[in-house]
Amino acid sequence: MSEKRLAVVTGAARGIGRAIVLELLRQGRIVAGLDINDEQLGELENTAKEAGFDVITRRVDITDTAALTEALESLASEHSGIGILVNNAGITRDKLMMQMKQEDFDSVISVNLRAAFMATTIALRSMVRNRFGRIINISSVAGVMGQAGSSNYAASKAGLIGMAKSVAREVGKKNITVNCIAPGFIMTEMTDVLSDAVKAAAKQIIPVRRFGGVDDVAKAVAFFASDQAGYITGQVLCVDGGMAM
């Protein structure tokens with residue numbers, strides 16, 4: 001049963017990542033959450049414990065290839081491999097293209113895309129050996145339809161989609177699926193900073209006229225991670241209230 005296989009979630013300590021961890025725990029899975037923020041990881045552990053679950057946490061800077069490799073390899077060794085990988089970690093450094101500096105672009109690509117590449121290559125080693133795997137990249141509608149002022153972010157999220165589709169073609173015969181979820185406007189700390197005017201304008205282009213919640217994304221992840229989704233691969237599921245259709 002896939003429930004007994006280790007699930008690893010990056011960017012696990014808050015927002016969508018935190019919701020994914022808690023949903024996978026509710027599904028009866030063994031879950032390891034990776035994040036750079038020690039304090040928020042502690043809060044995640046407490047929340048999980050209050051709900052009756054134990055979560056494994058690792059403080060890792062996922063842009064540090066050596067540290068990420070060590071963390072994932074040790075987890076794989078301790079749990080007979082990684083069964084599910086959720087590449088969720090992401091940052092923004094929004095600016096118009098003409099104002100964007102190289103470091104704004106590089107830092108977003110490093111966290112959002114390069115780290116996902118590294119995590120995927122490491123997780124695939126045990127997935128191929130065990131002939132089972134579920135890789136789920138958290139992309140964005142920005143990667144599907146573009147977003148003014150976020151060319152670096154949109155590029156990284158579009159890259160996750162292209163990478164997922166390519167890897168899905170490579171490893172499907174090994175009983176490994178690779179899919180993407182593309183959230184739209186989801187109520188998190190990222191959307192909290194938006195002005196009321198921006199929020200109101202955004203809701204006007206969302207057919208259901210509201211923002212989604214982190215649990216909407218987490219439940220989609222749980223489905224892709226499940227045995228029921230074993231014949232679904234290379235797909236992009238937009239959890240966006242119809243925004244990108």
# chains A, B, ... in the order shown; residues from 1 in each chain; ligands from 1

$ select_by_dssp --residues "range 20-138 of chain A" --states "helix (DSSP H, G or I)" --output "VMD selection string"
chain A and resid 20 to 26 38 to 50 65 to 78 97 to 99 102 to 130

$ residues_around --residues "range 210-216 of chain A" --least-positions-apart "6" --cutoff "9 Å" --atoms "only C-alpha atoms" --output "number ranges by chain"
A: 15-20, 23, 183-188, 199, 202-204, 239-241

$ atom_distance --atom1 "CA of Val236 in chain A" --atom2 "CA of Ile181 in chain A"
5.5 Å

$ closest_residue --among "A:Ile206, A:Ala115, A:Met97, A:Leu6" --to "Ser77 in chain A" --atoms "only C-alpha atoms"
A:Leu6

$ residues_around --residues "Gly11 in chain A" --least-positions-apart "4" --cutoff "6 Å" --atoms "only C-alpha atoms" --output "CSV table (one decimal) with N, CA and C atoms, in the first residue's frame"
chain,number,residue,atom,x,y,z
A,17,GLY,N,2.3,24.2,1.6
A,17,GLY,CA,3.1,23.1,2.0
A,17,GLY,C,2.6,22.5,3.3
A,34,LEU,N,10.3,19.3,4.7
A,34,LEU,CA,11.6,20.0,4.6
A,34,LEU,C,11.3,21.5,4.5
A,35,ASP,N,12.1,22.3,5.2
A,35,ASP,CA,11.9,23.8,5.1
A,35,ASP,C,13.2,24.4,5.7
A,88,ASN,N,7.1,21.6,-3.6
A,88,ASN,CA,6.2,22.7,-3.3
A,88,ASN,C,7.0,24.0,-3.0
A,89,ALA,N,8.2,23.9,-2.6
A,89,ALA,CA,8.9,25.1,-2.1
A,89,ALA,C,8.9,26.2,-3.2

$ decode --residues "range 205-240 of chain A" --atoms "N, CA and C atoms" --output "compact mmCIF listing (two decimals), in the first residue's frame"
# COMPACT_ATOMS: atom_id res chain seq x y z
N ILE A 205 -11.75 38.07 -12.36
CA ILE A 205 -11.32 37.21 -13.46
C ILE A 205 -11.36 35.73 -13.08
N ILE A 206 -11.86 35.46 -11.87
CA ILE A 206 -12.03 34.07 -11.43
C ILE A 206 -13.51 33.72 -11.55
N PRO A 207 -13.87 32.76 -12.39
CA PRO A 207 -15.29 32.44 -12.59
C PRO A 207 -16.07 32.17 -11.31
N VAL A 208 -15.46 31.54 -10.29
CA VAL A 208 -16.20 31.27 -9.07
C VAL A 208 -16.19 32.47 -8.11
N ARG A 209 -15.50 33.54 -8.50
CA ARG A 209 -15.50 34.81 -7.79
C ARG A 209 -15.00 34.74 -6.35
N ARG A 210 -14.05 33.89 -6.10
CA ARG A 210 -13.44 33.85 -4.77
C ARG A 210 -12.06 33.22 -4.87
N PHE A 211 -11.24 33.44 -3.84
CA PHE A 211 -9.95 32.77 -3.75
C PHE A 211 -10.15 31.36 -3.20
N GLY A 212 -9.21 30.49 -3.50
CA GLY A 212 -9.24 29.15 -2.95
C GLY A 212 -8.55 29.09 -1.61
N GLY A 213 -8.67 27.94 -0.96
CA GLY A 213 -7.99 27.71 0.30
C GLY A 213 -6.86 26.70 0.13
N VAL A 214 -5.97 26.68 1.09
CA VAL A 214 -4.83 25.76 0.99
C VAL A 214 -5.29 24.30 0.96
N ASP A 215 -6.41 24.00 1.60
CA ASP A 215 -6.91 22.63 1.59
C ASP A 215 -7.37 22.20 0.21
N ASP A 216 -7.79 23.14 -0.62
CA ASP A 216 -8.18 22.80 -1.99
C ASP A 216 -6.99 22.21 -2.74
N VAL A 217 -5.83 22.79 -2.54
CA VAL A 217 -4.61 22.30 -3.19
C VAL A 217 -4.17 20.99 -2.55
N ALA A 218 -4.22 20.93 -1.23
CA ALA A 218 -3.75 19.75 -0.51
C ALA A 218 -4.55 18.50 -0.90
N LYS A 219 -5.84 18.64 -1.08
CA LYS A 219 -6.67 17.49 -1.45
C LYS A 219 -6.36 17.02 -2.87
N ALA A 220 -6.01 17.97 -3.75
CA ALA A 220 -5.60 17.58 -5.10
C ALA A 220 -4.28 16.82 -5.06
N VAL A 221 -3.37 17.25 -4.22
CA VAL A 221 -2.10 16.53 -4.05
C VAL A 221 -2.36 15.12 -3.53
N ALA A 222 -3.24 15.00 -2.54
CA ALA A 222 -3.55 13.69 -1.96
C ALA A 222 -4.10 12.75 -3.03
N PHE A 223 -4.89 13.29 -3.95
CA PHE A 223 -5.42 12.45 -5.03
C PHE A 223 -4.30 11.97 -5.94
N PHE A 224 -3.45 12.87 -6.41
CA PHE A 224 -2.34 12.47 -7.29
C PHE A 224 -1.41 11.48 -6.60
N ALA A 225 -1.31 11.57 -5.27
CA ALA A 225 -0.44 10.67 -4.52
C ALA A 225 -1.08 9.30 -4.28
N SER A 226 -2.36 9.18 -4.56
CA SER A 226 -3.10 7.98 -4.19
C SER A 226 -2.97 6.87 -5.23
N ASP A 227 -3.36 5.66 -4.82
CA ASP A 227 -3.39 4.53 -5.74
C ASP A 227 -4.42 4.77 -6.85
N GLN A 228 -5.47 5.54 -6.55
CA GLN A 228 -6.52 5.80 -7.53
C GLN A 228 -6.02 6.61 -8.73
N ALA A 229 -4.88 7.30 -8.58
CA ALA A 229 -4.34 8.12 -9.65
C ALA A 229 -3.20 7.44 -10.40
N GLY A 230 -3.11 6.12 -10.28
CA GLY A 230 -1.99 5.40 -10.88
C GLY A 230 -1.93 5.41 -12.39
N TYR A 231 -3.04 5.76 -13.05
CA TYR A 231 -3.05 5.80 -14.52
C TYR A 231 -3.09 7.23 -15.04
N ILE A 232 -2.72 8.16 -14.19
CA ILE A 232 -2.69 9.58 -14.56
C ILE A 232 -1.26 10.08 -14.45
N THR A 233 -0.69 10.54 -15.55
CA THR A 233 0.67 11.07 -15.49
C THR A 233 0.88 12.13 -16.56
N GLY A 234 1.81 13.03 -16.32
CA GLY A 234 2.11 14.10 -17.26
C GLY A 234 1.02 15.16 -17.36
N GLN A 235 0.19 15.27 -16.32
CA GLN A 235 -0.96 16.17 -16.38
C GLN A 235 -0.76 17.41 -15.52
N VAL A 236 -1.51 18.46 -15.86
CA VAL A 236 -1.52 19.71 -15.08
C VAL A 236 -2.94 19.96 -14.62
N LEU A 237 -3.16 19.94 -13.33
CA LEU A 237 -4.48 20.20 -12.76
C LEU A 237 -4.48 21.61 -12.20
N CYS A 238 -5.28 22.47 -12.80
CA CYS A 238 -5.38 23.86 -12.32
C CYS A 238 -6.42 23.92 -11.20
N VAL A 239 -5.96 24.27 -10.02
CA VAL A 239 -6.85 24.45 -8.88
C VAL A 239 -7.00 25.96 -8.72
N ASP A 240 -7.89 26.51 -9.51
CA ASP A 240 -7.89 27.97 -9.69
C ASP A 240 -9.26 28.61 -9.86
